[in-house]
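Here is the file my_file27.pdb (PDB, C-alpha atoms).
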```pdb
ATOM      1  CA  MET A  73      -6.418 -13.071  26.857
ATOM      2  CA  THR A  74      -8.387 -12.791  23.618
ATOM      3  CA  SER A  75      -7.854  -9.529  21.717
ATOM      4  CA  SER A  76     -10.781  -7.344  20.651
ATOM      5  CA  LYS A  77     -10.086  -8.065  16.969
ATOM      6  CA  GLU A  78      -9.965 -11.811  17.619
ATOM      7  CA  THR A  79     -13.274 -11.539  19.467
ATOM      8  CA  ARG A  80     -14.800  -9.686  16.524
ATOM      9  CA  LEU A  81     -13.501 -12.219  14.016
ATOM     10  CA  THR A  82     -14.712 -15.112  16.157
ATOM     11  CA  ARG A  83     -18.166 -13.558  16.336
ATOM     12  CA  TRP A  84     -18.263 -13.141  12.556
ATOM     13  CA  PHE A  85     -16.609 -16.360  11.426
ATOM     14  CA  GLY A  86     -16.746 -18.811  14.339
ATOM     15  CA  ARG A  87     -13.570 -20.717  15.129
ATOM     16  CA  ARG A  88     -12.907 -21.933  11.597
ATOM     17  CA  PRO A  89      -9.464 -21.714   9.997
ATOM     18  CA  LEU A  90      -9.217 -18.784   7.596
ATOM     19  CA  ARG A  91      -6.336 -18.819   5.156
ATOM     20  CA  THR A  92      -6.625 -18.507   1.407
ATOM     21  CA  VAL A  93     -10.354 -17.909   0.990
ATOM     22  CA  LEU A  94     -11.852 -15.462   3.483
ATOM     23  CA  ARG A  95     -15.422 -15.126   4.644
ATOM     24  CA  LEU A  96     -15.581 -11.521   5.710
ATOM     25  CA  GLY A  97     -18.543 -10.796   7.916
ATOM     26  CA  ALA A  98     -17.569  -7.135   8.116
ATOM     27  CA  ILE A  99     -19.337  -6.555   4.839
ATOM     28  CA  ALA A 100     -22.651  -7.265   6.560
ATOM     29  CA  LEU A 101     -22.224  -4.036   8.504
ATOM     30  CA  GLY A 102     -22.421  -2.072   5.265
ATOM     31  CA  MET A 103     -20.829   1.173   4.243
ATOM     32  CA  GLY A 104     -22.560   3.090   7.008
ATOM     33  CA  ALA A 105     -20.360   1.376   9.581
ATOM     34  CA  THR A 106     -17.082   2.295   7.919
ATOM     35  CA  GLY A 107     -16.558   5.404   9.999
ATOM     36  CA  TRP A 108     -17.114   3.494  13.229
ATOM     37  CA  LEU A 109     -14.666   0.790  12.170
ATOM     38  CA  LEU A 110     -12.048   3.372  11.300
ATOM     39  CA  SER A 111     -12.294   4.902  14.745
ATOM     40  CA  VAL A 112     -11.607   1.471  16.220
ATOM     41  CA  LEU A 113      -8.786   0.536  13.852
ATOM     42  CA  TRP A 114      -6.957   3.849  13.805
ATOM     43  CA  PRO A 115      -6.086   5.435  17.166
ATOM     44  CA  GLU A 116      -5.849   9.157  17.802
ATOM     45  CA  PRO A 117      -2.538  10.823  16.819
ATOM     46  CA  ASP A 118       0.323  10.437  19.285
ATOM     47  CA  ARG A 119       0.049  13.536  21.484
ATOM     48  CA  ALA A 120       3.674  13.378  22.617
ATOM     49  CA  ALA A 121       4.905  13.225  19.034
ATOM     50  CA  LYS A 122       2.582  16.051  18.035
ATOM     51  CA  GLU A 123       3.818  18.290  20.854
ATOM     52  CA  ALA A 124       7.432  17.483  20.046
ATOM     53  CA  LEU A 125       6.937  18.437  16.418
ATOM     54  CA  THR A 126       5.806  21.929  17.380
ATOM     55  CA  LYS A 127       9.145  22.811  18.997
ATOM     56  CA  SER A 128      11.221  25.575  17.470
ATOM     57  CA  ASP A 129      13.836  23.208  16.012
ATOM     58  CA  ALA A 130      11.295  21.173  14.034
ATOM     59  CA  ILE A 131      11.938  23.088  10.785
ATOM     60  CA  THR A 132      15.730  22.828  10.821
ATOM     61  CA  ASN A 133      15.688  19.205  11.978
ATOM     62  CA  LEU A 134      12.629  18.317   9.855
ATOM     63  CA  ALA A 135      10.962  16.426  12.730
ATOM     64  CA  PRO A 136      11.782  14.192  15.700
ATOM     65  CA  PHE A 137      11.545  10.459  15.156
ATOM     66  CA  PRO A 138       8.556   8.403  16.289
ATOM     67  CA  SER A 139       9.236   6.807  19.665
ATOM     68  CA  ALA A 140       8.467   3.318  18.255
ATOM     69  CA  PRO A 141       8.141   1.664  14.833
ATOM     70  CA  VAL A 142       5.001   2.774  12.999
ATOM     71  CA  MET A 143       2.955   0.551  10.697
ATOM     72  CA  VAL A 144       1.195   2.203   7.769
ATOM     73  CA  LEU A 145      -1.249   0.653   5.301
ATOM     74  CA  VAL A 146      -0.784   2.163   1.828
ATOM     75  CA  VAL A 147      -3.653   1.705  -0.632
ATOM     76  CA  GLY A 148      -2.867   2.666  -4.220
ATOM     77  CA  ILE A 149      -6.151   3.018  -6.085
ATOM     78  CA  ASP A 150      -6.552   2.835  -9.864
ATOM     79  CA  ALA A 151      -8.413   6.148 -10.155
ATOM     80  CA  ASN A 152      -6.745   9.373 -11.152
ATOM     81  CA  GLN A 153      -8.083  11.304  -8.168
ATOM     82  CA  LEU A 154      -9.930  10.646  -4.937
ATOM     83  CA  GLY A 155     -13.697  10.449  -5.365
ATOM     84  CA  GLU A 156     -13.689   9.811  -9.097
ATOM     85  CA  SER A 157     -16.584   7.628 -10.272
ATOM     86  CA  SER A 158     -14.445   5.851 -12.881
ATOM     87  CA  ASN A 159     -11.121   4.103 -12.427
ATOM     88  CA  GLN A 160     -10.019   4.923 -16.002
ATOM     89  CA  ALA A 161      -8.672   1.394 -16.231
ATOM     90  CA  ALA A 162      -9.516  -1.894 -17.888
ATOM     91  CA  PRO A 163     -12.085  -3.128 -17.207
ATOM     92  CA  LEU A 164     -13.755   0.242 -16.747
ATOM     93  CA  GLY A 165     -15.558   0.598 -13.434
ATOM     94  CA  ARG A 166     -15.284   1.801  -9.870
ATOM     95  CA  ALA A 167     -11.876   2.278  -8.282
ATOM     96  CA  ASN A 168     -10.034  -0.772  -6.960
ATOM     97  CA  ALA A 169      -7.136  -1.085  -4.555
ATOM     98  CA  ASP A 170      -4.631  -1.674  -7.331
ATOM     99  CA  ALA A 171      -1.549  -1.808  -5.072
ATOM    100  CA  LEU A 172      -1.526  -2.761  -1.391
ATOM    101  CA  LEU A 173       1.481  -2.221   0.856
ATOM    102  CA  LEU A 174       2.245  -2.428   4.544
ATOM    103  CA  LEU A 175       5.154  -0.288   5.747
ATOM    104  CA  ARG A 176       7.004  -0.583   9.029
ATOM    105  CA  VAL A 177       8.949   2.656   9.558
ATOM    106  CA  SER A 178      11.580   3.200  12.227
ATOM    107  CA  ALA A 179      14.721   5.312  12.484
ATOM    108  CA  GLU A 180      16.572   2.400  14.086
ATOM    109  CA  GLU A 181      15.825  -0.448  11.666
ATOM    110  CA  PRO A 182      15.605  -0.894   7.894
ATOM    111  CA  LEU A 183      12.318   0.017   6.270
ATOM    112  CA  GLN A 184      10.131  -3.069   5.892
ATOM    113  CA  VAL A 185       7.651  -3.246   3.012
ATOM    114  CA  LEU A 186       5.121  -6.013   2.468
ATOM    115  CA  GLN A 187       3.418  -6.285  -0.916
ATOM    116  CA  LEU A 188      -0.050  -7.837  -0.766
ATOM    117  CA  PRO A 189      -1.102  -9.277  -4.136
ATOM    118  CA  SER A 190      -4.325  -7.577  -5.156
ATOM    119  CA  GLU A 191      -5.523 -10.783  -6.856
ATOM    120  CA  ILE A 192      -5.751 -12.837  -3.626
ATOM    121  CA  ALA A 193      -9.156 -14.536  -3.607
ATOM    122  CA  VAL A 194     -11.675 -13.649  -0.889
ATOM    123  CA  GLN A 195     -15.200 -14.972  -0.408
ATOM    124  CA  LEU A 196     -17.840 -12.561   0.854
ATOM    125  CA  PRO A 197     -21.039 -13.692   2.609
ATOM    126  CA  GLY A 198     -23.941 -14.003   0.188
ATOM    127  CA  SER A 199     -21.678 -14.149  -2.845
ATOM    128  CA  ASP A 200     -21.701 -17.172  -5.143
ATOM    129  CA  SER A 201     -18.095 -16.728  -6.224
ATOM    130  CA  PRO A 202     -14.856 -15.342  -4.775
ATOM    131  CA  THR A 203     -13.623 -11.874  -5.572
ATOM    132  CA  SER A 204     -10.242 -10.183  -5.402
ATOM    133  CA  LEU A 205      -8.716  -8.529  -2.355
ATOM    134  CA  SER A 206      -8.484  -5.323  -4.389
ATOM    135  CA  SER A 207     -12.265  -5.166  -4.857
ATOM    136  CA  LEU A 208     -12.876  -4.916  -1.089
ATOM    137  CA  TRP A 209     -11.992  -1.253  -1.397
ATOM    138  CA  GLN A 210     -15.289  -0.744  -3.232
ATOM    139  CA  SER A 211     -17.289  -2.576  -0.567
ATOM    140  CA  GLY A 212     -15.869  -1.412   2.733
ATOM    141  CA  GLY A 213     -12.941   0.936   2.211
ATOM    142  CA  VAL A 214      -9.885   0.913   4.461
ATOM    143  CA  ALA A 215     -11.641  -0.840   7.353
ATOM    144  CA  LEU A 216     -12.661  -3.927   5.386
ATOM    145  CA  LEU A 217      -9.321  -4.101   3.604
ATOM    146  CA  ASN A 218      -7.495  -3.932   6.913
ATOM    147  CA  ASP A 219      -9.534  -6.734   8.482
ATOM    148  CA  ALA A 220      -8.965  -8.942   5.419
ATOM    149  CA  ILE A 221      -5.235  -8.229   5.412
ATOM    150  CA  GLN A 222      -4.847  -8.986   9.099
ATOM    151  CA  ASP A 223      -6.721 -12.232   8.593
ATOM    152  CA  ILE A 224      -4.456 -13.207   5.704
ATOM    153  CA  LEU A 225      -1.333 -12.415   7.722
ATOM    154  CA  GLY A 226      -2.619 -14.212  10.799
ATOM    155  CA  SER A 227      -1.916 -11.175  12.960
ATOM    156  CA  THR A 228      -4.051 -10.032  15.880
ATOM    157  CA  GLN A 229      -1.368  -8.177  17.822
ATOM    158  CA  GLN A 230       0.250  -5.829  15.287
ATOM    159  CA  VAL A 231      -2.076  -3.779  13.125
ATOM    160  CA  PRO A 232      -1.421  -0.583  11.166
ATOM    161  CA  GLN A 233      -1.735   2.578  13.231
ATOM    162  CA  ARG A 234      -2.107   4.757  10.153
ATOM    163  CA  TYR A 235      -3.287   4.515   6.538
ATOM    164  CA  VAL A 236      -2.696   6.367   3.275
ATOM    165  CA  VAL A 237      -4.953   6.113   0.202
ATOM    166  CA  MET A 238      -3.007   7.239  -2.882
ATOM    167  CA  PRO A 239      -4.586   7.805  -6.311
ATOM    168  CA  ARG A 240      -2.459   8.145  -9.435
ATOM    169  CA  THR A 241      -2.262  11.936  -9.256
ATOM    170  CA  ALA A 242      -0.660  11.688  -5.807
ATOM    171  CA  LEU A 243       1.992   9.286  -7.108
ATOM    172  CA  ARG A 244       2.901  11.730  -9.866
ATOM    173  CA  THR A 245       3.036  14.613  -7.396
ATOM    174  CA  LEU A 246       5.227  12.605  -5.021
ATOM    175  CA  VAL A 247       7.787  11.711  -7.681
ATOM    176  CA  ASP A 248       7.860  15.220  -9.185
ATOM    177  CA  GLY A 249       8.134  16.755  -5.715
ATOM    178  CA  LEU A 250      11.157  14.607  -4.909
ATOM    179  CA  GLY A 251      12.874  15.737  -8.095
ATOM    180  CA  ASP A 252      12.334  12.586 -10.204
ATOM    181  CA  VAL A 253      13.768   9.116  -9.549
ATOM    182  CA  ASP A 254      16.730   7.259 -11.031
ATOM    183  CA  LEU A 255      16.104   3.747 -12.374
ATOM    184  CA  VAL A 256      17.968   1.263 -14.537
ATOM    185  CA  LEU A 257      15.413  -0.452 -16.809
ATOM    186  CA  ASP A 258      16.254  -3.987 -17.908
ATOM    187  CA  GLN A 259      14.162  -3.718 -21.059
ATOM    188  CA  THR A 260      12.253  -1.306 -23.271
ATOM    189  CA  TYR A 261       8.608  -0.820 -22.298
ATOM    190  CA  GLN A 262       6.144   0.177 -25.006
ATOM    191  CA  HIS A 263       2.380  -0.034 -24.809
ATOM    192  CA  ASN A 264      -0.589   1.992 -25.996
ATOM    193  CA  ASP A 265      -4.108   1.524 -24.624
ATOM    194  CA  GLN A 266      -6.516   4.026 -26.136
ATOM    195  CA  SER A 267      -9.427   2.762 -24.038
ATOM    196  CA  GLN A 268      -7.630   3.872 -20.892
ATOM    197  CA  GLY A 269      -5.901   6.896 -22.368
ATOM    198  CA  TYR A 270      -2.691   5.234 -21.271
ATOM    199  CA  SER A 271       0.597   4.776 -23.083
ATOM    200  CA  ILE A 272       4.156   3.931 -22.102
ATOM    201  CA  ASN A 273       7.382   4.422 -24.003
ATOM    202  CA  LEU A 274      10.456   3.850 -21.839
ATOM    203  CA  GLN A 275      13.831   2.794 -23.198
ATOM    204  CA  ALA A 276      16.129   0.220 -21.631
ATOM    205  CA  GLY A 277      19.050   1.518 -19.584
ATOM    206  CA  ARG A 278      19.465   4.208 -16.948
ATOM    207  CA  GLN A 279      16.513   6.573 -16.886
ATOM    208  CA  ARG A 280      15.499   9.604 -14.859
ATOM    209  CA  LEU A 281      11.735   9.267 -14.451
ATOM    210  CA  ASN A 282       9.366  12.118 -13.681
ATOM    211  CA  GLY A 283       5.958  11.522 -12.127
ATOM    212  CA  GLU A 284       4.208  10.673 -15.392
ATOM    213  CA  LYS A 285       6.847   8.176 -16.499
ATOM    214  CA  ALA A 286       7.085   6.639 -13.016
ATOM    215  CA  GLU A 287       3.328   6.044 -13.141
ATOM    216  CA  GLN A 288       3.705   4.363 -16.537
ATOM    217  CA  PHE A 289       6.433   2.112 -15.179
ATOM    218  CA  ALA A 290       4.394   1.172 -12.082
ATOM    219  CA  ARG A 291       1.209   0.473 -14.084
ATOM    220  CA  TYR A 292       2.740  -1.482 -16.954
ATOM    221  CA  ARG A 293       1.108  -4.906 -17.282
ATOM    222  CA  PRO A 294       0.916  -6.380 -20.786
ATOM    223  CA  THR A 295      -1.560  -9.103 -19.720
ATOM    224  CA  PRO A 296      -3.922  -9.626 -16.747
ATOM    225  CA  LEU A 297      -1.671 -12.512 -15.621
ATOM    226  CA  ASP A 298       1.443 -10.342 -15.327
ATOM    227  CA  ASN A 299       0.790  -9.056 -11.792
ATOM    228  CA  ALA A 300       3.933 -10.681 -10.373
ATOM    229  CA  ASN A 301       6.228  -8.885 -12.811
ATOM    230  CA  ARG A 302       4.389  -5.618 -12.194
ATOM    231  CA  ARG A 303       5.005  -6.013  -8.458
ATOM    232  CA  ASN A 304       8.706  -6.536  -9.188
ATOM    233  CA  ARG A 305       8.747  -3.289 -11.142
ATOM    234  CA  GLN A 306       6.965  -1.558  -8.291
ATOM    235  CA  GLN A 307       9.680  -2.824  -5.952
ATOM    236  CA  ASP A 308      12.260  -1.094  -8.148
ATOM    237  CA  LEU A 309      10.253   2.125  -7.949
ATOM    238  CA  ILE A 310       9.923   1.875  -4.151
ATOM    239  CA  LEU A 311      13.690   1.479  -3.789
ATOM    240  CA  ALA A 312      14.293   4.450  -6.096
ATOM    241  CA  LEU A 313      11.859   6.592  -4.091
ATOM    242  CA  VAL A 314      13.589   5.674  -0.822
ATOM    243  CA  ASP A 315      16.963   6.595  -2.326
ATOM    244  CA  GLN A 316      15.559   9.943  -3.410
ATOM    245  CA  VAL A 317      14.036  10.691   0.011
ATOM    246  CA  LYS A 318      17.395   9.940   1.621
ATOM    247  CA  ASP A 319      19.148  12.411  -0.678
ATOM    248  CA  SER A 320      20.158  15.392   1.464
ATOM    249  CA  SER A 321      19.192  17.811  -1.309
ATOM    250  CA  VAL A 322      15.465  17.065  -0.961
ATOM    251  CA  ILE A 323      15.126  17.271   2.835
ATOM    252  CA  SER A 324      14.322  20.977   2.813
ATOM    253  CA  THR A 325      11.573  20.432   0.209
ATOM    254  CA  LEU A 326       9.684  17.783   2.178
ATOM    255  CA  PRO A 327       7.453  20.140   4.209
ATOM    256  CA  LEU A 328       6.251  21.801   0.985
ATOM    257  CA  LEU A 329       5.703  18.403  -0.656
ATOM    258  CA  VAL A 330       3.628  17.199   2.307
ATOM    259  CA  SER A 331       1.525  20.342   1.991
ATOM    260  CA  ARG A 332       1.047  19.837  -1.765
ATOM    261  CA  LEU A 333      -0.114  16.259  -1.213
ATOM    262  CA  ASP A 334      -2.673  17.262   1.412
ATOM    263  CA  ASP A 335      -5.617  17.473  -1.013
ATOM    264  CA  GLU A 336      -4.523  14.481  -3.096
ATOM    265  CA  LEU A 337      -4.289  11.847  -0.348
ATOM    266  CA  ASP A 338      -6.772  10.343   2.061
ATOM    267  CA  THR A 339      -4.882   9.656   5.292
ATOM    268  CA  ASN A 340      -5.190   9.783   9.053
ATOM    269  CA  LEU A 341      -1.563  10.903   9.312
ATOM    270  CA  SER A 342      -1.262  14.540  10.296
ATOM    271  CA  ARG A 343       1.245  16.664   8.369
ATOM    272  CA  LEU A 344       3.529  16.637  11.385
ATOM    273  CA  GLU A 345       3.353  12.866  11.633
ATOM    274  CA  GLN A 346       4.155  12.571   7.921
ATOM    275  CA  LEU A 347       7.297  14.634   8.467
ATOM    276  CA  SER A 348       8.181  12.494  11.482
ATOM    277  CA  LEU A 349       7.947   9.333   9.367
ATOM    278  CA  ALA A 350       9.994  10.989   6.619
ATOM    279  CA  ALA A 351      12.683  11.858   9.160
ATOM    280  CA  ALA A 352      12.714   8.269  10.435
ATOM    281  CA  LEU A 353      12.959   6.939   6.883
ATOM    282  CA  ILE A 354      15.903   9.224   6.111
ATOM    283  CA  ALA A 355      17.716   7.995   9.227
ATOM    284  CA  SER A 356      16.844   4.322   8.776
ATOM    285  CA  PRO A 357      19.681   1.944   7.854
ATOM    286  CA  LEU A 358      19.828   0.116   4.541
ATOM    287  CA  PRO A 359      18.967  -2.174   2.876
ATOM    288  CA  VAL A 360      15.209  -1.819   2.551
ATOM    289  CA  ARG A 361      13.498  -5.167   3.163
ATOM    290  CA  ILE A 362      10.700  -5.870   0.652
ATOM    291  CA  THR A 363       8.715  -9.104   0.813
ATOM    292  CA  GLN A 364       5.468 -10.419  -0.670
ATOM    293  CA  VAL A 365       2.663 -12.586   0.619
ATOM    294  CA  PRO A 366       3.523 -15.979  -0.954
ATOM    295  CA  LEU A 367       1.013 -17.325  -3.438
ATOM    296  CA  ALA A 368       0.141 -20.906  -4.286
ATOM    297  CA  LYS A 369       1.101 -22.125  -7.742
ATOM    298  CA  ARG A 370      -1.161 -20.799 -10.458
ATOM    299  CA  VAL A 371      -3.648 -23.291 -11.880
ATOM    300  CA  ASP A 372      -4.079 -22.916 -15.642
ATOM    301  CA  ASN A 373      -4.869 -19.260 -16.422
ATOM    302  CA  GLN A 374      -6.605 -18.386 -13.175
ATOM    303  CA  ILE A 375      -6.511 -14.699 -12.272
ATOM    304  CA  LEU A 376      -7.627 -14.967  -8.637
ATOM    305  CA  ARG A 377      -4.936 -16.586  -6.491
ATOM    306  CA  GLN A 378      -4.694 -18.458  -3.207
ATOM    307  CA  VAL A 379      -2.147 -17.808  -0.476
ATOM    308  CA  LYS A 380       0.484 -20.543  -0.358
ATOM    309  CA  PRO A 381      -0.699 -23.134   2.203
ATOM    310  CA  ASP A 382       1.078 -24.255   5.382
ATOM    311  CA  GLN A 383       2.748 -20.914   6.069
ATOM    312  CA  THR A 384       4.005 -20.054   9.564
ATOM    313  CA  LEU A 385       1.849 -17.279  10.977
ATOM    314  CA  PRO A 386       2.058 -14.383  11.295
ATOM    315  CA  LEU A 387       3.484 -13.836   7.831
ATOM    316  CA  TRP A 388       4.785 -10.342   8.635
ATOM    317  CA  PRO A 389       6.598  -8.311   9.900
ATOM    318  CA  GLN A 390      10.006  -9.952   9.900
ATOM    319  CA  ASP A 391      12.039 -10.019  13.094
TER     320      ASP A 391
END
```
Here is the file; what I need is its structure written in the form of structure tokens.
Amino acid sequence: MTSSKETRLTRWFGRRPLRTVLRLGAIALGMGATGWLLSVLWPEPDRAAKEALTKSDAITNLAPFPSAPVMVLVVGIDANQLGESSNQAAPLGRANADALLLLRVSAEEPLQVLQLPSEIAVQLPGSDSPTSLSSLWQSGGVALLNDAIQDILGSTQQVPQRYVVMPRTALRTLVDGLGDVDLVLDQTYQHNDQSQGYSINLQAGRQRLNGEKAEQFARYRPTPLDNANRRNRQQDLILALVDQVKDSSVISTLPLLVSRLDDELDTNLSRLEQLSLAAALIASPLPVRITQVPLAKRVDNQILRQVKPDQTLPLWPQD
């Protein structure tokens, strides 16, 4: 039986193969339809989980686990705060989805993380040239990004139930709230960009990074073609954050941290659901499994990239 998403995609695109360059008809609906699309893509909170989290033992036990693995779309935007008109980046402009992650969280299996390269090329109707996956955030928000991502992955059955939009301030708050993160840097990182008000000065070796320094490490990209190395650094930061969450000393601080992040994030996760996912992450076995959408070989100095052809679909999650 054809799924509702497949029906929608067929109506927009016809039955043409869609792989590395997407023709996203969702954009034709315009920004006014975003709210409607969100209501379709993101179901109401799990009532059973919500009721369970209100029990008297929720504080001492943090929260009960979700009854099944939960998929979350994480959108890291290159603005300092939600709603800012400028991204304070280069080139200066509106906020982009600078980092895109899919998480699969379960207490019974290792955390799965998929990195989606922001430079994947997409072709929008009416446009003469392709644009980056990251720029879809400007056009259609979470809904358009989600449809594009599902199309890239070749998935019509498993879609994210929840989303989190994280600006830079929220990343700093998260790291500081967890009590900093421990990383071993393989080199010294130094860079100063006055146009962005951004500088980095991190020495090689074992470092304890606070929120500001963790942001510097995650953002560092000496050239526009260095996205792959930046994603590798972001993997290191993700692993360090998971280690810190699993540290027993921070468990009691998580409810306060979730409360502090409330005004800094855009998410359809309730506070109780956030604690439930944190509890599942703490209990999940290691190692964390991080993968990336494979890209075709770069041609010359191209910035926009194609997904590697002839991949077995769906690309994610792993079994």
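Coordinates place atom CA of A:Val144 at a distance of 16.2 Å from atom CA of A:Leu387.
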Atom CA of A:Ser201 to atom CA of A:Leu186 measures 27.0 Å
Residues of stretch 335-381 of chain A that approach stretch 275-297 of chain A to 10 Å or less, counting all atoms listed in the file: could you list each one with the shortest pair of atoms and its distance in Å to one decimal, rows by chain and increasing residue number, as a tab-separated table?
```
residue	atom	partner	partner_atom	distance
A:Arg370	CA	A:Leu297	CA	9.8
A:Asn373	CA	A:Leu297	CA	7.5
A:Gln374	CA	A:Leu297	CA	8.1
A:Ile375	CA	A:Leu297	CA	6.3
A:Leu376	CA	A:Leu297	CA	9.5
```
What do you get, as a PyMOL selection string, if you spell out every residue that the PyMOL selection byres ((chain A and resi 368) around 12) selects here? chain A and resi 91-92+189+191-193+365-367+369-371+374+376-383
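For the pair atom CA of A:Gln233 and atom CA of A:Leu353, the separation is 16.6 Å.
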